[in-house]
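Student: File name entry-v1.tsv; file contents TSV, C-alpha atoms and all ligand atoms; full text below.
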```tsv
chain	number	residue	atom	x	y	z
A	87	MET	CA	-6.47	199.03	-80.36
A	88	SER	CA	-4.06	196.36	-79.13
A	89	THR	CA	-0.68	196.13	-80.86
A	90	ALA	CA	-0.02	192.62	-79.52
A	91	GLY	CA	1.00	190.17	-82.22
A	92	LYS	CA	1.63	192.94	-84.76
A	93	VAL	CA	4.81	194.60	-85.99
A	94	ILE	CA	5.20	198.03	-84.37
A	95	LYS	CA	6.69	200.86	-86.42
A	96	CYS	CA	8.46	203.41	-84.19
A	97	ARG	CA	11.66	205.45	-83.81
A	98	ALA	CA	15.08	204.60	-82.37
A	99	ALA	CA	18.58	206.12	-82.21
A	100	VAL	CA	20.67	203.92	-84.48
A	101	LEU	CA	24.47	203.81	-84.90
A	102	TRP	CA	25.36	202.80	-88.47
A	103	GLU	CA	29.12	202.78	-87.93
A	104	PRO	CA	31.49	203.50	-85.02
A	105	GLY	CA	32.37	207.17	-84.81
A	106	ALA	CA	29.28	208.33	-86.73
A	107	PRO	CA	26.51	210.37	-85.09
A	108	LEU	CA	23.37	208.51	-84.04
A	109	ASN	CA	20.52	208.63	-86.57
A	110	ILE	CA	16.88	208.73	-85.56
A	111	GLU	CA	15.36	206.03	-87.76
A	112	GLU	CA	12.00	204.40	-88.24
A	113	ILE	CA	12.33	200.76	-87.15
A	114	ASP	CA	10.09	197.68	-87.30
A	115	VAL	CA	9.77	195.85	-83.99
A	116	ALA	CA	8.38	192.32	-84.41
A	117	PRO	CA	6.29	190.67	-81.67
A	118	PRO	CA	8.22	188.87	-78.91
A	119	LYS	CA	8.95	185.15	-79.29
A	120	ALA	CA	9.13	182.59	-76.45
A	121	LYS	CA	10.64	183.98	-73.22
A	122	GLU	CA	10.81	187.47	-74.76
A	123	VAL	CA	8.98	190.66	-73.88
A	124	ARG	CA	8.13	193.74	-75.96
A	125	VAL	CA	8.49	196.93	-73.92
A	126	ARG	CA	7.30	200.49	-74.62
A	127	MET	CA	10.23	202.55	-73.34
A	128	VAL	CA	9.46	205.42	-70.96
A	129	ALA	CA	12.98	206.69	-70.22
A	130	ALA	CA	16.63	205.87	-70.89
A	131	GLY	CA	19.85	207.11	-69.31
A	132	ILE	CA	23.18	207.62	-71.07
A	133	CYS	CA	26.12	205.90	-69.36
A	134	GLY	CA	29.87	206.44	-69.83
A	135	THR	CA	30.00	202.94	-71.34
A	136	ASP	CA	27.67	204.00	-74.21
A	137	ILE	CA	29.88	207.00	-74.89
A	138	LYS	CA	33.06	204.90	-75.13
A	139	SER	CA	31.37	202.31	-77.34
A	140	LEU	CA	30.09	204.87	-79.86
A	141	ASP	CA	33.65	205.28	-81.17
A	142	ASP	CA	34.78	201.67	-80.62
A	143	LYS	CA	35.75	199.98	-83.90
A	144	ASN	CA	34.90	196.58	-82.34
A	145	LEU	CA	31.25	197.56	-82.52
A	146	GLY	CA	31.51	197.70	-86.35
A	147	PRO	CA	30.33	194.11	-87.00
A	148	PHE	CA	27.23	194.80	-84.85
A	149	CYS	CA	26.08	197.89	-86.74
A	150	PRO	CA	23.41	199.04	-87.31
A	151	ILE	CA	22.82	198.97	-83.57
A	152	ILE	CA	20.44	200.73	-81.18
A	153	MET	CA	22.56	202.15	-78.34
A	154	GLY	CA	21.67	202.53	-74.65
A	155	HIS	CA	21.45	200.03	-71.81
A	156	GLU	CA	19.78	201.96	-68.95
A	157	GLY	CA	16.02	202.18	-69.20
A	158	THR	CA	12.54	201.77	-67.83
A	159	GLY	CA	9.28	201.07	-69.61
A	160	ILE	CA	5.90	199.37	-69.67
A	161	VAL	CA	5.31	195.86	-70.98
A	162	GLU	CA	3.38	196.01	-74.28
A	163	SER	CA	3.12	192.24	-74.85
A	164	VAL	CA	4.84	189.01	-73.85
A	165	GLY	CA	5.93	185.90	-75.74
A	166	GLU	CA	5.09	182.31	-74.93
A	167	GLY	CA	6.21	181.02	-71.52
A	168	VAL	CA	6.83	184.43	-69.95
A	169	SER	CA	5.79	184.24	-66.29
A	170	THR	CA	7.47	187.08	-64.38
A	171	VAL	CA	5.86	190.06	-66.16
A	172	LYS	CA	2.59	190.78	-67.97
A	173	THR	CA	1.17	193.47	-70.26
A	174	GLY	CA	0.95	196.81	-68.45
A	175	ASP	CA	3.63	196.08	-65.85
A	176	LYS	CA	6.22	198.76	-65.13
A	177	VAL	CA	9.70	197.30	-65.71
A	178	ILE	CA	13.37	198.19	-65.48
A	179	ILE	CA	15.88	197.00	-68.08
A	180	LEU	CA	18.74	194.83	-66.76
A	181	CYS	CA	21.91	195.10	-68.84
A	182	LEU	CA	23.21	192.19	-66.77
A	183	PRO	CA	20.56	189.45	-66.82
A	184	GLN	CA	19.74	186.91	-64.12
A	185	CYS	CA	18.63	183.62	-65.67
A	186	GLY	CA	18.28	181.98	-62.25
A	187	GLU	CA	19.56	178.65	-63.58
A	188	CYS	CA	23.29	178.91	-64.37
A	189	ASN	CA	26.12	178.14	-61.89
A	190	THR	CA	26.58	181.85	-61.25
A	191	CYS	CA	22.91	182.51	-60.54
A	192	LEU	CA	22.76	179.47	-58.25
A	193	ASN	CA	25.76	180.71	-56.22
A	194	SER	CA	24.74	183.40	-53.73
A	195	LYS	CA	28.17	185.08	-53.95
A	196	ASN	CA	28.15	185.66	-57.73
A	197	ASN	CA	26.22	187.95	-60.04
A	198	ILE	CA	27.65	187.68	-63.56
A	199	CYS	CA	25.00	185.41	-65.08
A	200	LYS	CA	26.26	183.11	-67.85
A	201	GLU	CA	23.59	184.58	-70.14
A	202	THR	CA	25.27	187.99	-70.03
A	203	ARG	CA	25.87	189.76	-73.32
A	204	LEU	CA	28.22	192.33	-71.74
A	205	SER	CA	30.99	191.31	-74.13
A	206	GLY	CA	28.79	189.43	-76.49
A	207	THR	CA	26.67	189.47	-79.55
A	208	HIS	CA	24.35	192.43	-78.91
A	209	LEU	CA	21.48	190.15	-79.90
A	210	THR	CA	18.43	189.44	-77.78
A	211	SER	CA	18.39	185.80	-78.92
A	212	GLU	CA	21.20	183.47	-79.99
A	213	ASP	CA	20.44	183.84	-83.66
A	214	ASN	CA	18.47	186.94	-84.43
A	215	SER	CA	17.03	190.30	-83.57
A	216	ARG	CA	13.37	191.19	-83.60
A	217	ILE	CA	14.20	194.68	-84.88
A	218	THR	CA	14.87	195.74	-88.47
A	219	CYS	CA	15.53	199.05	-90.20
A	220	LYS	CA	15.47	199.58	-93.98
A	221	GLY	CA	15.40	195.79	-94.36
A	222	LYS	CA	18.51	195.25	-92.20
A	223	ILE	CA	18.76	193.40	-88.88
A	224	VAL	CA	19.34	195.91	-86.07
A	225	TYR	CA	21.43	194.84	-83.08
A	226	GLN	CA	20.64	196.02	-79.54
A	227	TYR	CA	23.57	197.27	-77.45
A	228	ILE	CA	24.40	194.67	-74.73
A	229	ALA	CA	21.18	192.94	-75.84
A	230	THR	CA	19.15	195.89	-74.53
A	231	GLY	CA	19.21	199.00	-76.82
A	232	THR	CA	17.18	201.41	-74.73
A	233	PHE	CA	17.39	204.48	-77.02
A	234	SER	CA	14.20	203.34	-78.73
A	235	GLU	CA	10.43	203.77	-78.43
A	236	TYR	CA	9.93	199.98	-78.29
A	237	ILE	CA	12.31	197.07	-77.80
A	238	VAL	CA	12.06	193.29	-77.62
A	239	ILE	CA	14.14	191.89	-74.79
A	240	ARG	CA	14.69	188.57	-73.02
A	241	GLU	CA	12.56	188.00	-69.93
A	242	ILE	CA	15.77	187.45	-67.93
A	243	SER	CA	16.85	191.01	-68.82
A	244	ILE	CA	13.90	192.87	-67.30
A	245	ALA	CA	12.39	193.06	-63.85
A	246	LYS	CA	8.97	194.23	-62.68
A	247	VAL	CA	9.03	197.30	-60.44
A	248	ASP	CA	6.37	198.78	-58.15
A	249	GLU	CA	3.29	200.51	-59.59
A	250	ASP	CA	4.38	203.78	-57.98
A	251	ALA	CA	7.98	203.63	-59.33
A	252	LEU	CA	9.21	206.94	-60.78
A	253	LEU	CA	10.21	205.53	-64.18
A	254	GLU	CA	11.52	208.82	-65.63
A	255	LYS	CA	14.33	208.91	-63.08
A	256	ALA	CA	14.67	205.32	-61.87
A	257	CYS	CA	16.01	204.28	-65.28
A	258	ILE	CA	19.57	205.09	-64.16
A	259	ILE	CA	19.29	202.50	-61.39
A	260	GLY	CA	19.55	199.84	-64.13
A	261	CYS	CA	23.28	200.47	-64.62
A	262	GLY	CA	25.01	203.62	-63.34
A	263	PHE	CA	23.46	203.95	-59.90
A	264	ALA	CA	23.35	200.22	-59.08
A	265	THR	CA	26.95	199.82	-60.26
A	266	GLY	CA	28.39	202.59	-58.10
A	267	PHE	CA	26.20	202.11	-55.02
A	268	GLY	CA	26.75	198.34	-55.08
A	269	ALA	CA	30.52	198.70	-55.58
A	270	ALA	CA	30.65	200.44	-52.18
A	271	ILE	CA	28.06	198.33	-50.36
A	272	ASN	CA	28.55	194.83	-51.85
A	273	SER	CA	32.00	194.70	-53.44
A	274	ALA	CA	34.11	196.82	-51.08
A	275	LYS	CA	31.82	196.35	-48.07
A	276	VAL	CA	32.67	199.85	-46.83
A	277	SER	CA	32.59	199.90	-43.02
A	278	PRO	CA	31.30	202.60	-40.64
A	279	GLY	CA	33.94	205.17	-39.68
A	280	SER	CA	36.19	204.26	-42.62
A	281	THR	CA	37.96	206.46	-45.18
A	282	CYS	CA	37.25	206.23	-48.94
A	283	ALA	CA	38.65	207.76	-52.14
A	284	VAL	CA	36.72	207.75	-55.41
A	285	PHE	CA	38.58	208.38	-58.69
A	286	GLY	CA	36.16	209.65	-61.37
A	287	LEU	CA	33.03	211.66	-60.60
A	288	GLY	CA	30.62	210.69	-63.38
A	289	GLY	CA	27.24	209.14	-62.63
A	290	VAL	CA	28.89	205.91	-61.50
A	291	GLY	CA	31.55	207.53	-59.28
A	292	LEU	CA	28.97	209.78	-57.60
A	293	SER	CA	26.86	206.69	-56.93
A	294	VAL	CA	29.91	205.12	-55.25
A	295	ILE	CA	30.04	208.21	-53.00
A	296	ILE	CA	26.34	207.80	-52.15
A	297	GLY	CA	27.09	204.15	-51.24
A	298	CYS	CA	30.15	205.04	-49.12
A	299	LYS	CA	28.10	207.61	-47.22
A	300	ALA	CA	25.19	205.18	-46.70
A	301	ALA	CA	27.70	202.62	-45.34
A	302	GLY	CA	28.90	205.15	-42.74
A	303	ALA	CA	32.28	206.24	-44.15
A	304	THR	CA	33.40	209.39	-42.34
A	305	ARG	CA	35.90	210.74	-44.87
A	306	ILE	CA	35.16	210.49	-48.59
A	307	ILE	CA	37.71	212.03	-50.93
A	308	ALA	CA	36.48	212.73	-54.45
A	309	VAL	CA	39.17	212.80	-57.17
A	310	ASP	CA	38.70	214.12	-60.70
A	311	ILE	CA	40.61	216.09	-63.33
A	312	ASN	CA	37.44	218.10	-64.04
A	313	LYS	CA	36.84	220.51	-61.14
A	314	ASP	CA	33.31	221.23	-62.43
A	315	LYS	CA	32.36	217.87	-60.89
A	316	PHE	CA	33.33	218.88	-57.36
A	317	ALA	CA	30.17	220.75	-56.31
A	318	LYS	CA	27.98	217.76	-57.17
A	319	ALA	CA	30.38	215.39	-55.39
A	320	LYS	CA	29.97	217.47	-52.21
A	321	THR	CA	26.18	217.48	-52.62
A	322	VAL	CA	26.08	213.67	-52.60
A	323	GLY	CA	28.50	213.19	-49.71
A	324	ALA	CA	32.17	213.86	-50.55
A	325	THR	CA	33.99	215.47	-47.62
A	326	GLU	CA	36.93	216.70	-49.76
A	327	CYS	CA	37.55	217.09	-53.50
A	328	ILE	CA	40.95	217.06	-55.17
A	329	ASP	CA	42.38	217.42	-58.65
A	330	PRO	CA	45.58	215.34	-59.11
A	331	ARG	CA	46.97	218.10	-61.35
A	332	ASP	CA	47.10	220.55	-58.43
A	333	PHE	CA	49.92	218.61	-56.75
A	334	GLU	CA	53.55	218.20	-57.55
A	335	LYS	CA	53.71	214.71	-56.12
A	336	PRO	CA	51.68	211.84	-57.59
A	337	ILE	CA	48.09	211.51	-56.38
A	338	GLN	CA	48.79	208.15	-54.72
A	339	LYS	CA	51.48	209.78	-52.57
A	340	VAL	CA	49.13	212.68	-51.74
A	341	LEU	CA	46.39	210.32	-50.57
A	342	PHE	CA	48.75	207.87	-48.87
A	343	ASP	CA	50.28	210.68	-46.80
A	344	MET	CA	46.93	212.40	-46.13
A	345	MET	CA	45.49	209.22	-44.67
A	346	ASN	CA	48.32	207.80	-42.61
A	347	ASP	CA	49.47	204.73	-44.60
A	348	GLY	CA	46.62	204.93	-47.09
A	349	VAL	CA	42.86	205.05	-47.55
A	350	ASP	CA	40.70	202.15	-46.31
A	351	PHE	CA	38.71	201.83	-49.56
A	352	THR	CA	39.54	203.22	-53.01
A	353	PHE	CA	37.49	203.02	-56.20
A	354	GLU	CA	38.63	203.40	-59.82
A	355	VAL	CA	35.67	204.80	-61.74
A	356	THR	CA	37.28	206.43	-64.78
A	357	GLY	CA	38.22	203.40	-66.92
A	358	ASN	CA	41.95	204.32	-67.19
A	359	PRO	CA	44.67	201.73	-66.47
A	360	GLU	CA	46.94	204.36	-64.84
A	361	THR	CA	44.17	205.33	-62.46
A	362	VAL	CA	43.77	201.68	-61.43
A	363	ALA	CA	47.44	201.62	-60.40
A	364	ASN	CA	47.05	204.97	-58.59
A	365	ALA	CA	43.90	203.90	-56.74
A	366	LEU	CA	45.59	200.67	-55.69
A	367	ALA	CA	48.70	202.49	-54.46
A	368	SER	CA	46.50	204.95	-52.52
A	369	CYS	CA	44.78	202.30	-50.46
A	370	HIS	CA	46.02	201.26	-47.04
A	371	LYS	CA	49.13	199.11	-47.34
A	372	ASP	CA	47.86	196.42	-44.97
A	373	HIS	CA	44.07	196.28	-45.10
A	374	GLY	CA	43.19	198.59	-48.02
A	375	VAL	CA	40.68	197.42	-50.61
A	376	CYS	CA	40.74	198.86	-54.14
A	377	VAL	CA	37.74	198.16	-56.39
A	378	ILE	CA	37.96	198.52	-60.18
A	379	VAL	CA	34.59	199.80	-61.39
A	380	GLY	CA	35.59	201.62	-64.58
A	381	SER	CA	35.60	199.37	-67.63
A	382	LEU	CA	38.92	198.78	-69.35
A	383	ALA	CA	39.28	197.56	-72.93
A	384	SER	CA	39.97	193.81	-73.19
A	385	TRP	CA	43.49	194.25	-74.63
A	386	ILE	CA	44.71	196.43	-71.74
A	387	GLN	CA	47.39	194.95	-69.45
A	388	LEU	CA	47.76	196.57	-66.03
A	389	ASN	CA	51.21	197.78	-65.06
A	390	ILE	CA	51.33	197.34	-61.29
A	391	ASN	CA	54.47	197.27	-59.17
A	392	SER	CA	54.82	193.95	-57.33
A	393	GLN	CA	55.75	195.70	-54.06
A	394	LEU	CA	52.21	197.01	-53.77
A	395	PHE	CA	51.29	193.44	-52.87
A	396	PHE	CA	54.16	192.82	-50.45
A	397	SER	CA	51.51	193.74	-47.86
A	398	GLY	CA	47.83	192.98	-47.33
A	399	ARG	CA	46.16	195.09	-50.02
A	400	THR	CA	43.25	193.69	-52.03
A	401	LEU	CA	42.46	194.58	-55.66
A	402	LYS	CA	39.09	193.44	-56.94
A	403	GLY	CA	36.63	193.93	-59.76
A	404	SER	CA	32.93	194.70	-59.61
A	405	VAL	CA	30.27	194.38	-62.30
A	406	LEU	CA	26.84	195.96	-61.87
A	407	GLY	CA	27.71	196.53	-58.23
A	408	GLY	CA	27.58	192.82	-57.42
A	409	TRP	CA	23.77	192.82	-57.45
A	410	LYS	CA	21.71	189.77	-58.45
A	411	THR	CA	19.88	191.98	-60.88
A	412	LYS	CA	16.39	190.51	-61.34
A	413	ASP	CA	16.04	189.92	-57.58
A	414	GLU	CA	17.70	193.06	-56.26
A	415	ILE	CA	17.40	195.97	-58.71
A	416	PRO	CA	13.59	196.28	-58.15
A	417	LYS	CA	14.33	196.59	-54.41
A	418	LEU	CA	16.69	199.48	-55.16
A	419	VAL	CA	13.87	201.09	-57.16
A	420	SER	CA	11.50	200.67	-54.17
A	421	ASP	CA	14.14	202.16	-51.86
A	422	TYR	CA	14.47	205.15	-54.19
A	423	THR	CA	10.68	205.66	-54.15
A	424	ALA	CA	10.78	205.40	-50.34
A	425	LYS	CA	13.52	208.12	-50.37
A	426	LYS	CA	16.08	205.84	-48.68
A	427	PHE	CA	18.64	207.45	-51.01
A	428	ASN	CA	18.49	210.34	-53.42
A	429	LEU	CA	19.79	209.92	-56.96
A	430	ASP	CA	18.11	213.08	-58.32
A	431	PRO	CA	21.33	215.16	-58.16
A	432	LEU	CA	22.89	212.77	-60.71
A	433	ILE	CA	20.28	213.73	-63.32
A	434	THR	CA	21.55	217.00	-64.76
A	435	HIS	CA	19.72	216.95	-68.10
A	436	THR	CA	16.52	215.61	-69.65
A	437	LEU	CA	16.09	215.65	-73.44
A	438	THR	CA	13.85	214.02	-76.02
A	439	LEU	CA	15.20	211.05	-77.99
A	440	ASP	CA	15.63	213.14	-81.15
A	441	LYS	CA	18.21	215.25	-79.27
A	442	VAL	CA	20.36	212.20	-78.49
A	443	ASN	CA	23.48	213.59	-80.23
A	444	GLU	CA	23.24	216.72	-78.08
A	445	ALA	CA	23.18	214.47	-75.01
A	446	VAL	CA	26.23	212.55	-76.26
A	447	GLN	CA	28.10	215.82	-76.75
A	448	LEU	CA	27.23	217.01	-73.23
A	449	MET	CA	28.68	213.76	-71.83
A	450	LYS	CA	31.79	213.99	-74.02
A	451	ASN	CA	32.40	217.59	-72.91
A	452	GLY	CA	32.09	216.63	-69.23
A	453	GLN	CA	29.10	219.01	-68.83
A	454	CYS	CA	26.60	216.39	-67.80
A	455	ILE	CA	26.41	213.66	-65.15
A	456	ARG	CA	23.40	211.72	-66.40
A	457	CYS	CA	21.08	212.80	-69.22
A	458	ILE	CA	17.67	211.16	-69.40
A	459	LEU	CA	16.19	210.59	-72.87
A	460	LEU	CA	12.42	210.58	-73.19
A	461	PRO	CA	10.93	209.05	-76.37
B	1	LIG	P1	31.67	209.45	-67.01
B	1	LIG	O1	32.40	209.61	-68.28
B	1	LIG	O2	30.43	210.22	-66.78
B	1	LIG	O3	32.67	209.79	-65.79
B	1	LIG	C1	34.04	209.55	-65.80
B	1	LIG	C2	34.73	210.61	-64.92
B	1	LIG	O4	36.12	210.28	-64.80
B	1	LIG	C3	34.66	212.04	-65.49
B	1	LIG	O5	34.19	212.93	-64.50
B	1	LIG	C4	36.12	212.34	-65.87
B	1	LIG	O6	36.43	213.71	-65.76
B	1	LIG	C5	36.87	211.49	-64.85
B	1	LIG	N1	38.26	211.16	-65.24
B	1	LIG	C6	38.72	210.81	-66.45
B	1	LIG	N2	40.05	210.59	-66.37
B	1	LIG	C7	40.43	210.80	-65.08
B	1	LIG	C8	41.66	210.73	-64.38
B	1	LIG	N3	42.78	210.37	-65.00
B	1	LIG	N4	41.67	210.99	-63.05
B	1	LIG	C9	40.52	211.35	-62.41
B	1	LIG	N5	39.31	211.45	-63.03
B	1	LIG	C10	39.26	211.17	-64.35
B	1	LIG	O7	31.40	207.88	-66.87
B	1	LIG	P2	30.44	207.03	-65.90
B	1	LIG	O8	30.47	207.59	-64.53
B	1	LIG	O9	29.14	206.80	-66.57
B	1	LIG	O10	31.23	205.64	-65.93
B	1	LIG	C11	32.51	205.56	-65.32
B	1	LIG	C12	33.22	204.27	-65.71
B	1	LIG	O11	32.50	203.15	-65.19
B	1	LIG	C13	33.32	204.05	-67.21
B	1	LIG	O12	34.59	203.44	-67.47
B	1	LIG	C14	32.22	203.05	-67.49
B	1	LIG	O13	32.48	202.32	-68.66
B	1	LIG	C15	32.31	202.20	-66.24
B	1	LIG	C16	31.10	201.38	-65.90
B	1	LIG	N6	31.33	200.15	-65.32
B	1	LIG	C17	30.28	199.38	-64.97
B	1	LIG	C18	30.57	198.08	-64.28
B	1	LIG	O14	29.66	197.25	-64.12
B	1	LIG	N7	31.79	197.83	-63.83
B	1	LIG	C19	28.97	199.78	-65.20
B	1	LIG	C20	28.76	201.05	-65.76
B	1	LIG	C21	29.82	201.85	-66.11
B	2	ZN	ZN	26.25	201.49	-68.00
```
Hey, can you dump this file as structure tokens for me?

Tutor:
Amino acid sequence: MSTAGKVIKCRAAVLWEPGAPLNIEEIDVAPPKAKEVRVRMVAAGICGTDIKSLDDKNLGPFCPIIMGHEGTGIVESVGEGVSTVKTGDKVIILCLPQCGECNTCLNSKNNICKETRLSGTHLTSEDNSRITCKGKIVYQYIATGTFSEYIVIREISIAKVDEDALLEKACIIGCGFATGFGAAINSAKVSPGSTCAVFGLGGVGLSVIIGCKAAGATRIIAVDINKDKFAKAKTVGATECIDPRDFEKPIQKVLFDMMNDGVDFTFEVTGNPETVANALASCHKDHGVCVIVGSLASWIQLNINSQLFFSGRTLKGSVLGGWKTKDEIPKLVSDYTAKKFNLDPLITHTLTLDKVNEAVQLMKNGQCIRCILLP
């Protein structure tokens, strides 16, 4: 029997206040309105950004909230005026939308669509949410909220993928993989024969390594304070792995000396301000490019010595790997199906949605790269 036009009762992982565990709750998901789509979720990935936000007091005003922003699913029904997807289509969730109409979307060099909710309201529409729990409005993290059996989402925040897409694994392409891979390919534009250093070996940092390797880098140094991450870094393409705590001199001096005036491309993928300064100081003094991928809290000021720029270094940011999401993320999914790259090593755990707190703990303890949640 079709559920279109009806309220769907289902389960989701809801955060009632920052710092609390997630609760599996029964929620009511109303039908989609104009330009919205209701999706039956098939899989969701947990990203380092979710983990940080769980304890972030700034999320308080948006609780209760369904967490998660990586996901794949199947369209259950569509609202009025939806033209890019239809019931039954396989889709990937885009935590960075592409409206196709704003100045950013119309400029081929930009990707941060003006409709983004990355630092916004956690609502799928300007004024409301289609989801309620115990009579309360439920927000959706970054206007997505993938830790749920069903969600309503804006049409600009989903993209149709191929019929043969492997939804259970491809969900991590929606944020972690696309972010890291694109940071190397699009933002840094890593060149063949170059040297790279990646600080932080979570799902995003390992995806940077996959991108550096695909771009033809010959030396890729993986840096982390958790040595348990080294084996996986080697599997995906790192040529050397180092722990800054094993050296007496600062890591930037170690890398600078190792690489003869610095590394061609460095990537900060931990989200620490000190690591940004270290990654910048490690890159080649004349032509080095340092890309900040890790997300830093809005109040953080970077403490960078001016002399680092009395040369030709470049420091730049990168959001969602620079991809125009609705146009380009489905192509990444097709490339994954066609085995043009392998993201399977990043998926270390698969759990059911009701085990979400176990998954959070695995991430917090540094025991997991990406955990997939299945409803
Ligand atoms: P993760 O927590 O799985 O990985 C972070 C890694 O950094 C871990 O392996 C840590 O051990 C390591 N680490 C922590 N501190 C240090 C240090 N001082 N030196 C070296 N290594 C360290 O997270 P993730 O891979 O899912 O995400 C990484 C960051 O990227 C995080 O800040 C997240 O918020 C950000 C992100 N940014 C975007 C974007 O569009 N820019 C998208 C998605 C995630
Ligand atoms: Zn993410």

Student: Could you pull out the residues sitting within 8 Å of ligand ZN 2 (chain B), using only C-alpha atoms and all ligand atoms, and write them as a list in words?

Tutor: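 Those residues are Ile132, Cys133, Gly134, Thr135, Asp136, His155, Glu156, Cys181, Gly260, Cys261, Gly262 and Thr265 of chain A.
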
Student: Neighbours of His435 (chain A) within 9 Å (only C-alpha atoms; same-chain residues fewer than 2 positions away dropped), as an mmCIF file with C-alpha atoms, keeping the file's coordinate frame?

Tutor:
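The resulting out14.cif:
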```cif
data_model
loop_
_atom_site.group_PDB
_atom_site.id
_atom_site.type_symbol
_atom_site.label_atom_id
_atom_site.label_comp_id
_atom_site.auth_asym_id
_atom_site.auth_seq_id
_atom_site.Cartn_x
_atom_site.Cartn_y
_atom_site.Cartn_z
ATOM 1 C CA ILE A 433 20.280 213.730 -63.320
ATOM 2 C CA LEU A 437 16.090 215.650 -73.440
ATOM 3 C CA ALA A 445 23.180 214.470 -75.010
ATOM 4 C CA CYS A 454 26.600 216.390 -67.800
ATOM 5 C CA ILE A 455 26.410 213.660 -65.150
ATOM 6 C CA ARG A 456 23.400 211.720 -66.400
ATOM 7 C CA CYS A 457 21.080 212.800 -69.220
ATOM 8 C CA ILE A 458 17.670 211.160 -69.400
ATOM 9 C CA LEU A 459 16.190 210.590 -72.870
#
```

Student: Please identify all protein, DNA and RNA residues within 6 Å of ligand LIG 1 (chain B), counting only C-alpha atoms and all ligand atoms, and report them as a list in words.

Tutor: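 Here is the list of contacting residues: Cys133, Gly134, Thr135, Cys261, Gly262, Thr265, Phe285, Gly286, Leu287, Gly288, Gly289, Val290, Gly291, Val309, Asp310, Ile311, Asn312, Val355, Thr356, Gly357, Thr361, Val379, Gly380, Ser381, Ser404, Val405, Leu406 and Ile455 of chain A.
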
Student: With all atoms listed in the file as the atoms that count, which of A:Pro183, A:Gly348, A:Pro431, A:Gly408 lies nearest to Leu292 (chain A)?

Tutor: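 Of all the options, A:Pro431 lies closest to Leu292 (chain A).
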
Student: How many Å lie between CA of Ala130 (chain A) and CA of Val322 (chain A), rounded to one decimal?

Tutor: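 CA of Ala130 (chain A) sits 22.0 Å away from CA of Val322 (chain A).
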
Student: Rank A:Gln453, A:Ile223, A:Glu360, A:Thr230 by their smallest atom-to-atom distance to Asp314 (chain A), using all atoms listed in the file, and report the top residue only.

Tutor: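 Selected residue with least distance to Asp314 (chain A): A:Gln453.
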
Student: Using only C-alpha atoms, give me every residue within 10 Å of (19.8, 191.2, -69.4) in file coordinates, as an NGL selection string.

Tutor: :A and (155 or 179-185 or 199 or 201-204 or 210 or 228-230 or 239-245 or 411-412)

Student: Please provide as a list in words all residues within 7 Å of Thr400 (chain A), with the sequence filter that same-chain residues fewer than 2 positions apart are discarded (counting only C-alpha atoms).

Tutor: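 The residues that qualify are Gly374, Val375, Cys376, Gly398 and Lys402 of chain A.
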
Student: Given all atoms listed in the file as the basis, pick out the residue of A:Val419, A:Val177, A:Ala270, A:Leu252 nearest to Gly407 (chain A).

Tutor: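 For Gly407 (chain A), the nearest of the candidates is A:Ala270.
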
Student: Please indicate the distance in Å from CA of Val276 (chain A) to CA of Ser397 (chain A), rounded to one decimal place.

Tutor: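 A separation of 19.8 Å between them.
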
Student: Which residue is closest to Val362 (chain A)? Choose from A:Tyr236, A:Arg331, A:Cys188, A:Val377 and count all atoms listed in the file.

Tutor: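 For Val362 (chain A), the nearest of the given residues is A:Val377.
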
Student: Interatomic distance between CA of Lys299 (chain A) and CA of Gly323 (chain A)?

Tutor: 6.1 Å

Student: Choose the residue, out of A:Ser194, A:Asn358, A:Ser215, A:Thr304, that has the smallest atom-to-atom separation from Gly231 (chain A); count all atoms listed in the file.

Tutor: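 Nearest candidate to Gly231 (chain A) out of A:Ser194, A:Asn358, A:Ser215, A:Thr304: A:Ser215.
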